[in-house]
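Data first, discussion second: the structure below is written as structure tokens.
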Amino acid sequence: MTVKTRFAPSPTGYLHVGGARTALFSWLHARKHGGKFVLRIEDTDLQRSTAESINAILEGMTWLGLEYDDGPLYQTHRFERYNEIIQRLLEDGLAYRCDCSQERLDRLREGQMQRKEKPRYDGHCRGRKIDAGSPHVVRFCNPDTGNIIVNDLVRGKVVFHNNELDDLVIRRTDGSPTYNLTVVVDDLDMGITTVIRGDDHLNNTPRQINILQSLGQEPPEYAHVPMILGDDGARLSKRHGAVSVMEYRRQGILPEALLNYLVRLGWSHGDQEIFPIDDMIELFDISDVNRAASSFNTDKLLWLNQHYIKNDDPARIARLLSPHMGELGIDPSVDPPLVDVVAAQQERAQSLVEMAQISAFFYQDFEEYDETAAKKHLRPVAYDPLQRMRAALESLDRWEPEALHQAVVDVSGALDLKMGKVAQPLRVAVVGRAASPGIDVTLHLVGREACLRRIDRALDFIQKRMDESAS
């Protein structure tokens, strides 16, 4: 039998990282076993489902590279099929119409709560004849006795007692089918063999199994993965920072870094931390997922992101970096070539946003010096070395890294100074701060005209400080 998994988000918001991890686990399980992966959009909540949310899900899946073999399939296109199944259950006596008022249901619940009983429908309308043309819901006849055993691939054996379950609504008064009915019909029709989803759905599983068995079908395998927590132990939410997949893209995270991080949230393979996608497919086993919830650690994600930035093709990183440069008002098509900037900065940034920020000086003059760097390096003692460096740089025939490096060496030797005493004031003058790639590469990429202009500005800055001290 071909393994078939599915990811079935509700389009009521962005693609959450928790959903992305569930999609990844489902995708990996299918790929590992040579199976198929289905994307299903569960959009029966007509009031909350939006086209924008659907687009956000599709965009997130595409960005992550989680390609699907079937889909996207939409539940709103399948109402006729759901009603066919509901009608079959009604005719077989496995479902019934219910016209209990909300007031009666509220009184029932209130009484059960006061008696410290588990709130559940009491089956009042079982056996009653209710006109199909009058307002009503349809309820599934849940078995009154026996147990449902779920051999969960993550949680192990979980037992539910039928006498603790009630007759759930499978079609609302407005005629729309409910989640537990649509999921069962979809999984059945689509041939889903393994349902991998969040453990918040575990309590739905016995209800869905009972519906499947009433239709004479065997249930699929189930794997309920634990939720993701924030650093404070609470369920991951917006207050912990980015939780939308596309927000991580906007923050300059690479898709392979996010996938690598998500696969390690609750799953491991020895001490290995870096998992290219082929390693994930080869090594991932859903039964090895931990039962306990995992905490999201942004620092760990950034560490992984830096690893992938550092080891990727500069040309690809340049393509991904380009829109982040645009956000800073920089046209990445002008000199210096962005791929050369990436090669110079590749080991210096944890995200593409950070790389854009620390690379802006290559393309535009900075407004202010870093206060600490200027105080340490743009002092009166640096005036003469900077002045000599300006003259040396202006007279260079070739604006190449080797010649630029030699110019710094020559000025340092002429002044009998260590190279850092010349290079650091020069760096702060050109970059605005004390950190950059090698001084030769930095000067080369910034270009002759901008370097000379910024050195002049630094000389004016130092002169002003000297004049203020004299007065």
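To be explicit about the labels: the chains of the structure tokens are called A, B, and onward in the order shown, and within each one the residues are counted from 1, while ligands get numbers from 1 in the order they are shown.
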Tell me which protein, DNA and RNA residues are within 12 Å of Asp167 of chain A, counting only C-alpha atoms, leaving out same-chain ones fewer than 4 positions away, and put them as a PyMOL selection string. chain A and resi 94-98+119-126+137-144+162-163+171+180+207-208+210-211
Take the residues that were just selected and, keeping C-alpha atoms, output them as a JSON list (two decimals), in the first residue's frame.
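Dumped to selection.json:
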[["chain", "number", "residue", "atom", "x", "y", "z"],
["A", 94, "LEU", "CA", -26.26, 6.03, 12.40],
["A", 95, "ALA", "CA", -27.14, 9.73, 12.54],
["A", 96, "TYR", "CA", -30.25, 11.69, 13.51],
["A", 97, "ARG", "CA", -31.75, 15.16, 13.32],
["A", 98, "CYS", "CA", -31.74, 17.29, 16.47],
["A", 119, "PRO", "CA", -20.45, 18.22, 29.63],
["A", 120, "ARG", "CA", -21.93, 16.14, 26.82],
["A", 121, "TYR", "CA", -25.12, 15.92, 24.79],
["A", 122, "ASP", "CA", -27.66, 13.59, 26.42],
["A", 123, "GLY", "CA", -29.11, 12.03, 23.28],
["A", 124, "HIS", "CA", -32.49, 13.72, 23.80],
["A", 125, "CYS", "CA", -33.38, 13.65, 20.09],
["A", 126, "ARG", "CA", -32.36, 10.05, 19.44],
["A", 137, "VAL", "CA", -28.62, 19.94, 13.14],
["A", 138, "VAL", "CA", -27.56, 16.39, 12.34],
["A", 139, "ARG", "CA", -25.80, 14.41, 15.03],
["A", 140, "PHE", "CA", -23.77, 11.20, 14.73],
["A", 141, "CYS", "CA", -24.91, 8.27, 16.87],
["A", 142, "ASN", "CA", -21.80, 7.59, 18.87],
["A", 143, "PRO", "CA", -21.59, 4.07, 20.34],
["A", 144, "ASP", "CA", -22.59, 3.97, 24.02],
["A", 162, "ASN", "CA", -17.24, 5.61, 24.24],
["A", 163, "ASN", "CA", -19.41, 6.43, 27.26],
["A", 171, "ARG", "CA", -24.01, 19.16, 10.03],
["A", 180, "ASN", "CA", -14.97, 15.89, 12.25],
["A", 207, "ARG", "CA", -14.89, 10.46, 17.19],
["A", 208, "GLN", "CA", -13.39, 10.25, 13.72],
["A", 210, "ASN", "CA", -16.18, 5.86, 15.16],
["A", 211, "ILE", "CA", -17.49, 7.64, 12.06]]
Tell me, as a PyMOL selection string, which residues lie within 6 Å of segment 15-22 of chain A, counting only C-alpha atoms; anything in the same chain fewer than 4 positions away does not count. chain A and resi 57+197+243-245+262
Taking C-alpha atoms for each residue, export the selection above as a PDB file, in the first residue's frame.
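Heads up, here's the output in selection.pdb:
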ATOM      1  CA  ILE A  57      -0.477  29.113   3.083  1.00  0.00           C
ATOM      2  CA  ARG A 197      -1.155  16.476  13.085  1.00  0.00           C
ATOM      3  CA  VAL A 243       5.419  32.871  14.309  1.00  0.00           C
ATOM      4  CA  SER A 244       4.397  33.282  10.663  1.00  0.00           C
ATOM      5  CA  VAL A 245       6.540  31.423   8.150  1.00  0.00           C
ATOM      6  CA  LEU A 262      11.765  22.825  12.713  1.00  0.00           C
TER       7      LEU A 262
END
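The two atoms in question, atom CA of Ala257 of chain A and atom CA of Tyr308 of chain A, are spaced 6.4 Å apart.
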So, counting only C-alpha atoms, which residue among A:Leu452, A:Leu386, A:Val185, A:Met325 is closest to Glu80 of chain A? A:Val185
Name the closest residue to Leu301 of chain A among the candidates A:Leu338, A:Leu258, A:Val150, A:Leu265; distances are taken between atoms, counting only C-alpha atoms. A:Leu258
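Compared by their closest atoms to Ala458 of chain A, and using only C-alpha atoms, the residues A:Ile86, A:Leu393, A:Val431, A:Leu378 rank with A:Leu378 nearest.
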Neighbour list for Val154 of chain A as an NGL selection string, cut-off 8 Å, only C-alpha atoms, skip fewer than 2 positions in-chain: :A and (152 or 156 or 223-225 or 286-291)
Please produce a file of the residues just selected, as a PDB file, in the first residue's frame, where the atoms kept are C-alpha atoms.
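See selection-v7.pdb below for the written result:
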ATOM      1  CA  ASP A 152      -0.446   6.527  18.072  1.00  0.00           C
ATOM      2  CA  GLY A 156       1.853   5.109  21.940  1.00  0.00           C
ATOM      3  CA  ALA A 223       0.662  10.474  14.845  1.00  0.00           C
ATOM      4  CA  HIS A 224      -0.047  13.413  17.120  1.00  0.00           C
ATOM      5  CA  VAL A 225       2.945  15.708  17.540  1.00  0.00           C
ATOM      6  CA  ILE A 286       7.888   9.801  12.907  1.00  0.00           C
ATOM      7  CA  SER A 287       8.022   7.281  15.771  1.00  0.00           C
ATOM      8  CA  ASP A 288      11.188   8.995  17.041  1.00  0.00           C
ATOM      9  CA  VAL A 289       9.388  12.295  17.661  1.00  0.00           C
ATOM     10  CA  ASN A 290       9.344  13.194  21.355  1.00  0.00           C
ATOM     11  CA  ARG A 291       6.061  13.195  23.247  1.00  0.00           C
TER      12      ARG A 291
END
Quote the spacing between atom CA of His33 of chain A and atom CA of Thr182 of chain A in Å to one decimal place. 26.4 Å
Measuring between only C-alpha atoms, which one of A:Asn151, A:Thr62, A:Thr178, A:Thr2 shows the shortest distance to Ile209 of chain A? A:Asn151
Provide the atom CA of Gly71 of chain A to atom CA of Leu39 of chain A distance in Å, to one decimal place.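 Atom-to-atom, atom CA of Gly71 of chain A to atom CA of Leu39 of chain A, that is 5.0 Å.
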Please determine, counting only C-alpha atoms, which residue among A:Leu459, A:Ile439, A:Leu46, A:Ala356 has the shortest atom-to-atom distance to Gly252 of chain A.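 For Gly252 of chain A, the nearest of the given residues is A:Ala356.
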Given only C-alpha atoms as the basis, pick out the residue of A:Lys421, A:Val263, A:Arg249, A:Asp279 nearest to Ser351 of chain A.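 For Ser351 of chain A, the nearest of the given residues is A:Arg249.
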When DSSP is applied to the backbone of this structure, which of segment 94-340 of chain A are assigned strand (DSSP E)? Write them out as a ChimeraX atom specification. /A:95-98,137-140,147-152,156-161,169-171,194-198,221-225,228-229,294-295
Could you dump the residues just selected with N, CA and C atoms as a compact mmCIF listing (two decimals), in the first residue's frame?
# COMPACT_ATOMS: atom_id res chain seq x y z
N ALA A 95 -27.11 8.29 12.27
CA ALA A 95 -27.14 9.73 12.54
C ALA A 95 -28.61 10.12 12.69
N TYR A 96 -28.87 11.25 13.31
CA TYR A 96 -30.25 11.69 13.51
C TYR A 96 -30.32 13.21 13.55
N ARG A 97 -31.53 13.72 13.27
CA ARG A 97 -31.75 15.16 13.32
C ARG A 97 -32.03 15.58 14.77
N CYS A 98 -31.58 16.77 15.11
CA CYS A 98 -31.74 17.29 16.47
C CYS A 98 -32.18 18.74 16.39
N VAL A 137 -29.96 20.42 13.44
CA VAL A 137 -28.62 19.94 13.14
C VAL A 137 -28.70 18.44 12.96
N VAL A 138 -27.65 17.85 12.43
CA VAL A 138 -27.56 16.39 12.34
C VAL A 138 -26.45 15.93 13.26
N ARG A 139 -26.77 14.96 14.09
CA ARG A 139 -25.80 14.41 15.03
C ARG A 139 -25.45 12.96 14.67
N PHE A 140 -24.23 12.58 14.93
CA PHE A 140 -23.77 11.20 14.73
C PHE A 140 -24.10 10.39 15.97
N ASN A 147 -14.56 0.62 23.86
CA ASN A 147 -13.42 1.53 23.87
C ASN A 147 -12.89 1.74 22.46
N ILE A 148 -12.21 2.84 22.26
CA ILE A 148 -11.46 3.08 21.03
C ILE A 148 -9.99 3.12 21.42
N ILE A 149 -9.21 2.28 20.78
CA ILE A 149 -7.77 2.23 21.05
C ILE A 149 -7.03 2.86 19.88
N VAL A 150 -6.28 3.89 20.19
CA VAL A 150 -5.47 4.57 19.17
C VAL A 150 -4.01 4.19 19.41
N ASN A 151 -3.43 3.47 18.48
CA ASN A 151 -2.00 3.14 18.56
C ASN A 151 -1.20 4.25 17.88
N ASP A 152 -1.04 5.32 18.63
CA ASP A 152 -0.45 6.53 18.07
C ASP A 152 1.04 6.33 17.84
N GLY A 156 2.07 6.49 21.51
CA GLY A 156 1.85 5.11 21.94
C GLY A 156 0.37 4.80 22.04
N LYS A 157 0.03 3.82 22.88
CA LYS A 157 -1.36 3.38 23.01
C LYS A 157 -2.17 4.37 23.85
N VAL A 158 -3.27 4.86 23.24
CA VAL A 158 -4.17 5.79 23.94
C VAL A 158 -5.57 5.20 23.88
N VAL A 159 -6.22 5.09 25.04
CA VAL A 159 -7.54 4.46 25.12
C VAL A 159 -8.60 5.51 25.43
N PHE A 160 -9.70 5.49 24.67
CA PHE A 160 -10.84 6.37 24.91
C PHE A 160 -12.06 5.49 25.17
N HIS A 161 -12.94 5.94 26.06
CA HIS A 161 -14.16 5.20 26.40
C HIS A 161 -15.34 5.86 25.70
N VAL A 169 -22.23 16.92 16.57
CA VAL A 169 -22.91 17.50 15.41
C VAL A 169 -22.03 17.30 14.18
N ILE A 170 -22.62 16.77 13.12
CA ILE A 170 -21.86 16.59 11.87
C ILE A 170 -22.38 17.50 10.75
N ARG A 171 -23.55 18.13 10.96
CA ARG A 171 -24.01 19.16 10.03
C ARG A 171 -24.75 20.23 10.82
N THR A 194 -1.67 7.84 6.67
CA THR A 194 -1.06 8.30 7.92
C THR A 194 -1.45 9.75 8.16
N VAL A 195 -2.13 9.98 9.28
CA VAL A 195 -2.54 11.33 9.66
C VAL A 195 -1.55 11.85 10.69
N ILE A 196 -0.77 12.84 10.30
CA ILE A 196 0.20 13.47 11.21
C ILE A 196 -0.31 14.88 11.48
N ARG A 197 -0.57 15.18 12.74
CA ARG A 197 -1.15 16.48 13.08
C ARG A 197 -0.82 16.83 14.53
N GLY A 198 -1.19 18.04 14.95
CA GLY A 198 -0.91 18.48 16.31
C GLY A 198 -1.69 17.70 17.34
N GLU A 221 -3.36 5.29 10.13
CA GLU A 221 -2.46 5.45 11.27
C GLU A 221 -2.52 6.91 11.73
N TYR A 222 -2.29 7.12 13.02
CA TYR A 222 -2.29 8.47 13.55
C TYR A 222 -0.97 8.76 14.26
N ALA A 223 -0.52 10.00 14.13
CA ALA A 223 0.66 10.47 14.85
C ALA A 223 0.37 11.90 15.29
N HIS A 224 0.26 12.09 16.59
CA HIS A 224 -0.05 13.41 17.12
C HIS A 224 1.21 14.02 17.74
N VAL A 225 1.69 15.10 17.11
CA VAL A 225 2.94 15.71 17.54
C VAL A 225 2.65 16.81 18.56
N ILE A 228 4.44 23.49 20.05
CA ILE A 228 5.67 24.25 20.20
C ILE A 228 5.43 25.34 21.23
N LEU A 229 6.35 25.47 22.16
CA LEU A 229 6.25 26.47 23.22
C LEU A 229 7.23 27.61 22.97
N SER A 294 8.19 21.06 22.69
CA SER A 294 9.52 21.65 22.46
C SER A 294 9.42 23.17 22.54
N SER A 295 10.50 23.79 23.00
CA SER A 295 10.54 25.24 23.13
C SER A 295 11.30 25.85 21.95
At a cut-off of 7 Å, using only C-alpha atoms, what residues contact segment 3-13 of chain A? Leave out same-chain residues fewer than 4 positions from it and give the result as JSON, numbers by chain. {"A": [23, 26, 30, 33, 35, 36, 37, 38, 39, 40, 41, 42, 43, 48, 49, 50, 53, 54, 191, 192, 193, 194, 195]}
Taking the DSSP assignment computed from this structure's backbone, write out as a PyMOL selection string all residues of segment 45-152 of chain A that belong to alpha helix (DSSP H). chain A and resi 51-64+79-91+102-114
